[in-house]
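Worksheet: the structure to be examined is printed underneath.
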Amino acid sequence: MKNSVRERRQAAGWSQAHLAERLEVTRLTVISIEKGRFDPSLPLAFRIARTFGCAIEDVFDPDENDPAG
Amino acid sequence: MVTRWTLAVLVGLAVASVVGLLAWLLSPVTPALSGVVFAVTSLPVGITLGWVIFVAPATMPTSPHAEDSIEVTWMDQALTGTATDLVVVIGLTLAAVSITRWELPTVLLLLALLIVAFGSASVRYTLARHRAIRA
(Lines give C-alpha, C1' and ligand atoms only; values in the text may rest on other atoms or scores of the structure.)
Protein backbone atom coordinates (compact mmCIF):
# COMPACT_ATOMS: atom_id res chain seq x y z
CA MET A 1 0.00 0.00 0.00
CA LYS A 2 1.40 3.35 -1.04
CA ASN A 3 1.33 6.22 1.43
CA SER A 4 2.39 9.83 1.76
CA VAL A 5 3.55 9.66 5.36
CA ARG A 6 7.12 10.73 4.56
CA GLU A 7 6.04 13.71 2.46
CA ARG A 8 3.51 14.87 5.06
CA ARG A 9 6.00 14.40 7.91
CA GLN A 10 8.67 16.38 6.11
CA ALA A 11 6.15 19.10 5.21
CA ALA A 12 5.30 19.37 8.89
CA GLY A 13 9.01 19.60 9.75
CA TRP A 14 8.91 16.60 12.06
CA SER A 15 11.57 13.97 12.56
CA GLN A 16 10.71 10.28 12.40
CA ALA A 17 11.26 10.09 16.15
CA HIS A 18 8.85 12.95 16.77
CA LEU A 19 6.14 11.36 14.63
CA ALA A 20 6.71 8.03 16.36
CA GLU A 21 6.29 9.73 19.72
CA ARG A 22 3.05 11.39 18.61
CA LEU A 23 1.70 8.07 17.31
CA GLU A 24 2.93 6.17 20.39
CA VAL A 25 4.82 3.63 18.28
CA THR A 26 8.51 2.94 17.74
CA ARG A 27 10.68 4.85 15.25
CA LEU A 28 11.26 1.63 13.30
CA THR A 29 7.51 1.42 12.80
CA VAL A 30 7.45 4.89 11.23
CA ILE A 31 10.48 4.06 9.06
CA SER A 32 8.86 0.83 7.84
CA ILE A 33 5.56 2.55 7.06
CA GLU A 34 7.34 5.30 5.12
CA LYS A 35 9.23 2.69 3.09
CA GLY A 36 5.98 0.86 2.38
CA ARG A 37 7.25 -2.31 4.03
CA PHE A 38 4.65 -2.31 6.79
CA ASP A 39 0.93 -1.77 6.39
CA PRO A 40 -0.29 -0.27 9.66
CA SER A 41 -3.30 -1.56 11.53
CA LEU A 42 -6.57 0.28 10.94
CA PRO A 43 -6.45 2.09 14.32
CA LEU A 44 -2.87 3.23 13.62
CA ALA A 45 -3.80 4.35 10.09
CA PHE A 46 -6.60 6.45 11.57
CA ARG A 47 -4.20 7.96 14.14
CA ILE A 48 -1.74 8.81 11.36
CA ALA A 49 -4.47 10.51 9.33
CA ARG A 50 -5.72 12.39 12.40
CA THR A 51 -2.18 13.49 13.24
CA PHE A 52 -1.80 15.03 9.79
CA GLY A 53 -5.32 16.47 9.92
CA CYS A 54 -6.62 14.70 6.83
CA ALA A 55 -8.72 11.73 5.78
CA ILE A 56 -7.25 8.23 5.85
CA GLU A 57 -7.62 7.85 2.07
CA ASP A 58 -5.56 11.01 1.59
CA VAL A 59 -2.58 9.36 3.30
CA PHE A 60 -2.96 5.77 2.13
CA ASP A 61 -3.53 4.63 -1.41
CA PRO A 62 -4.11 0.97 -2.26
CA ASP A 63 -1.52 -0.43 -4.63
CA GLU A 64 -3.26 -1.08 -7.95
CA ASN A 65 -1.10 -4.18 -8.55
CA ASP A 66 -2.08 -5.65 -5.21
CA PRO A 67 -5.10 -7.94 -5.73
CA ALA A 68 -6.14 -7.30 -2.12
CA GLY A 69 -5.92 -3.53 -2.61
CA MET B 1 6.99 0.99 46.51
CA VAL B 2 8.54 -0.62 49.61
CA THR B 3 5.37 -2.69 49.97
CA ARG B 4 5.60 -3.84 46.35
CA TRP B 5 9.25 -4.82 46.73
CA THR B 6 8.43 -6.63 49.98
CA LEU B 7 5.72 -8.59 48.17
CA ALA B 8 8.16 -9.38 45.35
CA VAL B 9 10.72 -10.74 47.82
CA LEU B 10 7.99 -12.74 49.58
CA VAL B 11 7.00 -14.30 46.25
CA GLY B 12 10.68 -15.12 45.68
CA LEU B 13 10.97 -16.76 49.12
CA ALA B 14 7.75 -18.72 48.51
CA VAL B 15 8.98 -19.99 45.14
CA ALA B 16 12.38 -20.89 46.58
CA SER B 17 10.74 -22.70 49.52
CA VAL B 18 8.45 -24.77 47.28
CA VAL B 19 11.25 -25.67 44.85
CA GLY B 20 13.63 -26.49 47.72
CA LEU B 21 10.98 -28.62 49.42
CA LEU B 22 10.24 -30.53 46.21
CA ALA B 23 13.95 -31.14 45.64
CA TRP B 24 14.34 -32.31 49.26
CA LEU B 25 11.39 -34.72 48.91
CA LEU B 26 12.23 -36.08 45.46
CA SER B 27 16.02 -36.09 45.27
CA PRO B 28 17.39 -39.66 45.51
CA VAL B 29 20.82 -38.52 46.75
CA THR B 30 21.74 -35.96 49.41
CA PRO B 31 18.20 -34.56 49.65
CA ALA B 32 19.12 -31.82 52.14
CA LEU B 33 21.92 -30.46 49.97
CA SER B 34 19.74 -30.72 46.85
CA GLY B 35 16.97 -28.82 48.62
CA VAL B 36 19.32 -26.00 49.63
CA VAL B 37 20.91 -25.74 46.16
CA PHE B 38 17.57 -25.71 44.36
CA ALA B 39 16.14 -23.18 46.81
CA VAL B 40 19.13 -20.83 46.48
CA THR B 41 19.22 -21.04 42.67
CA SER B 42 15.46 -20.52 42.31
CA LEU B 43 15.38 -17.51 44.66
CA PRO B 44 16.43 -14.95 41.97
CA VAL B 45 13.90 -16.43 39.55
CA GLY B 46 11.20 -16.17 42.21
CA ILE B 47 12.07 -12.57 43.04
CA THR B 48 12.00 -11.75 39.31
CA LEU B 49 8.54 -13.29 39.12
CA GLY B 50 7.47 -11.17 42.09
CA TRP B 51 8.96 -8.09 40.42
CA VAL B 52 6.97 -8.83 37.25
CA ILE B 53 3.76 -9.22 39.25
CA PHE B 54 4.05 -6.41 41.80
CA VAL B 55 6.80 -3.90 40.90
CA ALA B 56 6.84 -3.69 37.09
CA PRO B 57 3.21 -2.59 36.66
CA ALA B 58 3.93 0.45 38.81
CA THR B 59 7.28 1.40 37.33
CA MET B 60 7.40 0.35 33.68
CA PRO B 61 5.90 2.80 31.20
CA THR B 62 3.32 1.04 29.05
CA SER B 63 2.10 2.25 25.69
CA PRO B 64 -1.60 1.76 24.99
CA HIS B 65 -0.70 1.22 21.33
CA ALA B 66 2.26 -1.15 21.71
CA GLU B 67 0.56 -3.77 19.55
CA ASP B 68 0.60 -1.37 16.58
CA SER B 69 4.40 -1.34 16.41
CA ILE B 70 6.23 -3.34 13.76
CA GLU B 71 8.24 -5.17 16.44
CA VAL B 72 5.06 -7.05 17.40
CA THR B 73 4.62 -8.11 13.75
CA TRP B 74 8.23 -9.27 13.58
CA MET B 75 7.79 -11.28 16.78
CA ASP B 76 4.54 -12.85 15.51
CA GLN B 77 6.24 -13.83 12.25
CA ALA B 78 9.29 -15.17 14.12
CA LEU B 79 7.16 -17.29 16.46
CA THR B 80 5.12 -18.64 13.55
CA GLY B 81 8.35 -19.65 11.82
CA THR B 82 9.64 -21.15 15.06
CA ALA B 83 6.58 -23.40 15.28
CA THR B 84 7.32 -24.67 11.76
CA ASP B 85 11.01 -25.16 12.63
CA LEU B 86 10.09 -27.19 15.71
CA VAL B 87 7.78 -29.46 13.73
CA VAL B 88 10.55 -30.05 11.17
CA VAL B 89 13.21 -30.68 13.85
CA ILE B 90 10.94 -33.01 15.82
CA GLY B 91 9.99 -34.90 12.66
CA LEU B 92 13.58 -35.32 11.48
CA THR B 93 14.75 -36.28 14.98
CA LEU B 94 11.96 -38.82 15.27
CA ALA B 95 12.90 -40.30 11.90
CA ALA B 96 16.58 -40.46 12.85
CA VAL B 97 15.83 -42.04 16.23
CA SER B 98 13.44 -44.56 14.65
CA ILE B 99 15.99 -45.62 12.05
CA THR B 100 19.07 -45.74 14.25
CA ARG B 101 17.20 -46.89 17.40
CA TRP B 102 19.19 -44.48 19.55
CA GLU B 103 18.19 -44.20 23.19
CA LEU B 104 18.36 -40.46 23.82
CA PRO B 105 17.84 -39.09 27.33
CA THR B 106 14.55 -37.17 27.68
CA VAL B 107 16.19 -34.26 29.48
CA LEU B 108 18.70 -33.83 26.64
CA LEU B 109 15.95 -33.92 24.01
CA LEU B 110 13.78 -31.37 25.80
CA LEU B 111 16.78 -29.10 26.34
CA ALA B 112 17.70 -29.36 22.66
CA LEU B 113 14.15 -28.48 21.63
CA LEU B 114 14.17 -25.47 23.95
CA ILE B 115 17.49 -24.27 22.48
CA VAL B 116 16.20 -24.78 18.92
CA ALA B 117 13.05 -22.78 19.75
CA PHE B 118 14.98 -19.89 21.34
CA GLY B 119 17.56 -19.90 18.56
CA SER B 120 14.99 -20.02 15.78
CA ALA B 121 12.90 -17.19 17.24
CA SER B 122 15.98 -15.03 17.90
CA VAL B 123 17.46 -15.54 14.43
CA ARG B 124 14.14 -14.99 12.65
CA TYR B 125 13.42 -11.80 14.62
CA THR B 126 16.93 -10.47 14.05
CA LEU B 127 16.73 -11.20 10.29
CA ALA B 128 13.33 -9.48 9.99
CA ARG B 129 14.70 -6.42 11.82
CA HIS B 130 17.88 -6.42 9.77
CA ARG B 131 15.95 -6.63 6.47
CA ALA B 132 13.66 -3.77 7.47
CA ILE B 133 16.55 -1.51 8.47
CA ARG B 134 18.61 -2.30 5.35
CA ALA B 135 15.78 -1.92 2.84
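Residues are named by chain letter and number: chains run A, B, ... in the order of the C-alpha coordinates, numbers start at 1 in each chain, and ligands are numbered from 1 in the order shown.
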
Any idea what's packed within 6 Å of Lys2 in chain A, counting only C-alpha atoms, ignoring anything in its chain fewer than 6 positions away? Could you give it as a short mmCIF file (atom, residue, chain, number, x, y, z; two decimals) with all heavy atoms, in the first residue's frame?
data_model
loop_
_atom_site.label_atom_id
_atom_site.label_comp_id
_atom_site.auth_asym_id
_atom_site.auth_seq_id
_atom_site.Cartn_x
_atom_site.Cartn_y
_atom_site.Cartn_z
N PHE A 60 -3.22 7.13 2.63
CA PHE A 60 -2.96 5.77 2.13
C PHE A 60 -3.70 5.54 0.83
O PHE A 60 -4.87 5.89 0.69
CB PHE A 60 -3.38 4.73 3.18
CG PHE A 60 -2.57 4.81 4.44
CD1 PHE A 60 -3.05 5.51 5.54
CD2 PHE A 60 -1.33 4.21 4.53
CE1 PHE A 60 -2.31 5.61 6.70
CE2 PHE A 60 -0.58 4.31 5.68
CZ PHE A 60 -1.08 5.01 6.76
N ASP A 61 -2.95 4.91 -0.10
CA ASP A 61 -3.53 4.63 -1.41
C ASP A 61 -3.27 3.16 -1.74
O ASP A 61 -2.12 2.73 -1.78
CB ASP A 61 -2.84 5.54 -2.45
CG ASP A 61 -3.43 5.33 -3.83
OD1 ASP A 61 -4.61 4.97 -3.93
OD2 ASP A 61 -2.69 5.51 -4.81
N ASP A 63 -2.35 -0.14 -3.46
CA ASP A 63 -1.52 -0.43 -4.63
C ASP A 63 -2.39 -1.12 -5.69
O ASP A 63 -3.03 -2.13 -5.43
CB ASP A 63 -0.37 -1.37 -4.22
CG ASP A 63 0.69 -1.49 -5.30
OD1 ASP A 63 0.37 -1.14 -6.45
OD2 ASP A 63 1.81 -1.91 -4.98
#

- Selection: 9 Å around range 68-77 of chain B, only C-alpha atoms, excl. self and same-chain fewer than 6 positions, as an MDAnalysis selection string: (chainID A and resid 24:30 32:33 38 40:41 43:44) or (chainID B and resid 121 124:126 128:129)

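With distances restricted to only C-alpha atoms, B:Ser17 is the closest residue to Leu43 in chain B from B:Ser27, B:Thr84, B:Ser17, B:Ser122.
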
- Test item, helix (DSSP H, G or I) assignment across chain A, answer as a PyMOL selection string: chain A and resi 5-12+16-23+27-34+42-52+56-59

Store the residues picked out above, limited to N, CA, C and O atoms, as a short mmCIF file (atom, residue, chain, number, x, y, z; two decimals), in the first residue's frame.
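Written output follows (part.cif):
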data_model
loop_
_atom_site.label_atom_id
_atom_site.label_comp_id
_atom_site.auth_asym_id
_atom_site.auth_seq_id
_atom_site.Cartn_x
_atom_site.Cartn_y
_atom_site.Cartn_z
N VAL A 5 3.14 9.32 3.99
CA VAL A 5 3.55 9.66 5.36
C VAL A 5 4.84 10.47 5.36
O VAL A 5 4.95 11.50 6.04
N ARG A 6 5.83 10.02 4.56
CA ARG A 6 7.12 10.73 4.56
C ARG A 6 6.95 12.18 4.10
O ARG A 6 7.47 13.11 4.75
N GLU A 7 6.23 12.36 3.00
CA GLU A 7 6.04 13.71 2.46
C GLU A 7 5.32 14.61 3.48
O GLU A 7 5.71 15.76 3.70
N ARG A 8 4.29 14.08 4.10
CA ARG A 8 3.51 14.87 5.06
C ARG A 8 4.34 15.15 6.32
O ARG A 8 4.26 16.24 6.89
N ARG A 9 5.15 14.19 6.74
CA ARG A 9 6.00 14.40 7.91
C ARG A 9 7.03 15.48 7.64
O ARG A 9 7.24 16.39 8.45
N GLN A 10 7.65 15.38 6.46
CA GLN A 10 8.67 16.38 6.11
C GLN A 10 8.05 17.76 5.94
O GLN A 10 8.65 18.77 6.31
N ALA A 11 6.83 17.81 5.37
CA ALA A 11 6.15 19.10 5.21
C ALA A 11 5.85 19.72 6.57
O ALA A 11 5.88 20.95 6.71
N ALA A 12 5.59 18.86 7.55
CA ALA A 12 5.30 19.37 8.89
C ALA A 12 6.58 19.71 9.66
O ALA A 12 6.52 20.31 10.73
N GLN A 16 11.38 11.59 12.26
CA GLN A 16 10.71 10.28 12.40
C GLN A 16 10.45 9.97 13.87
O GLN A 16 9.41 9.43 14.23
N ALA A 17 11.41 10.36 14.72
CA ALA A 17 11.26 10.09 16.15
C ALA A 17 10.09 10.88 16.73
O ALA A 17 9.33 10.37 17.56
N HIS A 18 9.94 12.12 16.26
CA HIS A 18 8.85 12.95 16.77
C HIS A 18 7.49 12.37 16.35
O HIS A 18 6.56 12.30 17.17
N LEU A 19 7.39 11.95 15.09
CA LEU A 19 6.14 11.36 14.63
C LEU A 19 5.84 10.07 15.39
O LEU A 19 4.69 9.81 15.79
N ALA A 20 6.90 9.28 15.61
CA ALA A 20 6.71 8.03 16.36
C ALA A 20 6.20 8.31 17.77
O ALA A 20 5.31 7.61 18.27
N GLU A 21 6.72 9.37 18.37
CA GLU A 21 6.29 9.73 19.72
C GLU A 21 4.82 10.16 19.72
O GLU A 21 4.05 9.79 20.60
N ARG A 22 4.45 10.93 18.70
CA ARG A 22 3.05 11.39 18.61
C ARG A 22 2.09 10.21 18.39
O ARG A 22 0.97 10.23 18.87
N LEU A 23 2.56 9.22 17.63
CA LEU A 23 1.70 8.07 17.31
C LEU A 23 1.78 6.98 18.37
O LEU A 23 1.04 6.00 18.31
N ARG A 27 10.18 4.15 16.44
CA ARG A 27 10.68 4.85 15.25
C ARG A 27 10.81 3.88 14.07
O ARG A 27 10.57 4.25 12.92
N LEU A 28 11.16 2.62 14.37
CA LEU A 28 11.26 1.63 13.30
C LEU A 28 9.92 1.40 12.62
O LEU A 28 9.85 1.10 11.42
N THR A 29 8.85 1.56 13.38
CA THR A 29 7.51 1.42 12.80
C THR A 29 7.27 2.53 11.78
O THR A 29 6.79 2.28 10.66
N VAL A 30 7.62 3.75 12.15
CA VAL A 30 7.45 4.89 11.23
C VAL A 30 8.32 4.69 9.99
O VAL A 30 7.86 4.89 8.85
N ILE A 31 9.57 4.28 10.19
CA ILE A 31 10.48 4.06 9.06
C ILE A 31 9.90 3.02 8.11
O ILE A 31 9.88 3.21 6.89
N SER A 32 9.40 1.91 8.68
CA SER A 32 8.86 0.83 7.84
C SER A 32 7.60 1.26 7.10
O SER A 32 7.39 0.86 5.95
N ILE A 33 6.78 2.06 7.73
CA ILE A 33 5.56 2.55 7.06
C ILE A 33 5.96 3.47 5.90
O ILE A 33 5.43 3.36 4.80
N GLU A 34 6.91 4.37 6.17
CA GLU A 34 7.34 5.30 5.12
C GLU A 34 7.92 4.56 3.92
O GLU A 34 7.75 4.98 2.78
N LEU A 42 -5.56 -0.75 11.21
CA LEU A 42 -6.57 0.28 10.94
C LEU A 42 -6.57 1.38 12.01
O LEU A 42 -6.58 2.57 11.67
N PRO A 43 -6.51 1.02 13.30
CA PRO A 43 -6.45 2.09 14.32
C PRO A 43 -5.23 3.00 14.14
O PRO A 43 -5.33 4.22 14.30
N LEU A 44 -4.07 2.41 13.80
CA LEU A 44 -2.87 3.23 13.62
C LEU A 44 -3.01 4.10 12.37
O LEU A 44 -2.61 5.27 12.37
N ALA A 45 -3.59 3.55 11.31
CA ALA A 45 -3.80 4.35 10.09
C ALA A 45 -4.70 5.55 10.39
O ALA A 45 -4.45 6.67 9.91
N PHE A 46 -5.72 5.34 11.20
CA PHE A 46 -6.60 6.45 11.57
C PHE A 46 -5.85 7.48 12.41
O PHE A 46 -6.04 8.69 12.24
N ARG A 47 -4.98 7.02 13.32
CA ARG A 47 -4.20 7.96 14.14
C ARG A 47 -3.25 8.77 13.26
O ARG A 47 -3.06 9.96 13.49
N ILE A 48 -2.65 8.10 12.27
CA ILE A 48 -1.74 8.81 11.36
C ILE A 48 -2.51 9.90 10.61
O ILE A 48 -2.07 11.06 10.54
N ALA A 49 -3.68 9.54 10.07
CA ALA A 49 -4.47 10.51 9.33
C ALA A 49 -4.88 11.67 10.24
O ALA A 49 -4.80 12.85 9.85
N ARG A 50 -5.30 11.34 11.46
CA ARG A 50 -5.72 12.39 12.40
C ARG A 50 -4.55 13.29 12.76
O ARG A 50 -4.71 14.51 12.89
N THR A 51 -3.36 12.70 12.90
CA THR A 51 -2.18 13.49 13.24
C THR A 51 -1.87 14.51 12.15
O THR A 51 -1.46 15.65 12.44
N PHE A 52 -2.07 14.11 10.89
CA PHE A 52 -1.80 15.03 9.79
C PHE A 52 -3.03 15.88 9.43
O PHE A 52 -2.97 16.68 8.49
N ILE A 56 -8.14 9.40 5.95
CA ILE A 56 -7.25 8.23 5.85
C ILE A 56 -6.91 7.92 4.39
O ILE A 56 -5.78 7.54 4.07
N GLU A 57 -7.88 8.15 3.49
CA GLU A 57 -7.62 7.85 2.07
C GLU A 57 -6.70 8.89 1.43
O GLU A 57 -6.18 8.66 0.33
N ASP A 58 -6.51 10.03 2.10
CA ASP A 58 -5.56 11.01 1.59
C ASP A 58 -4.12 10.58 1.85
O ASP A 58 -3.19 10.96 1.13
N VAL A 59 -3.93 9.80 2.91
CA VAL A 59 -2.58 9.36 3.30
C VAL A 59 -2.24 8.02 2.66
O VAL A 59 -1.13 7.83 2.17
#

- Task: Could you give me, as a ChimeraX atom specification, the residues within 7 Å of Gly50 in chain B, counting only C-alpha atoms and dropping anything in the same chain fewer than 3 positions from it?
- Result: /B:7-9,11-12,46-47,53-54

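Nearest-residue note for Val37 in chain B: choosing from B:Leu22, B:Leu110, B:Val116, B:Met1, the minimum distance belongs to B:Leu22, counting only C-alpha atoms.
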
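The nearest approach to chain B among the residues A:Ser15, A:Gly53, A:Met1, A:Asp39, with only C-alpha atoms taken into account, belongs to A:Asp39.
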
- Task: Considering only C-alpha atoms, state which residue in the set B:Ala16, B:Arg101, B:Ile90, B:Ala132 is at the smallest distance from Leu113 in chain B.
- Result: B:Ile90

- Query: What separation in Å, quoted to one decimal, exists between CA of Leu10 in chain B and CA of Trp51 in chain B?
  - Reply: 10.3 Å
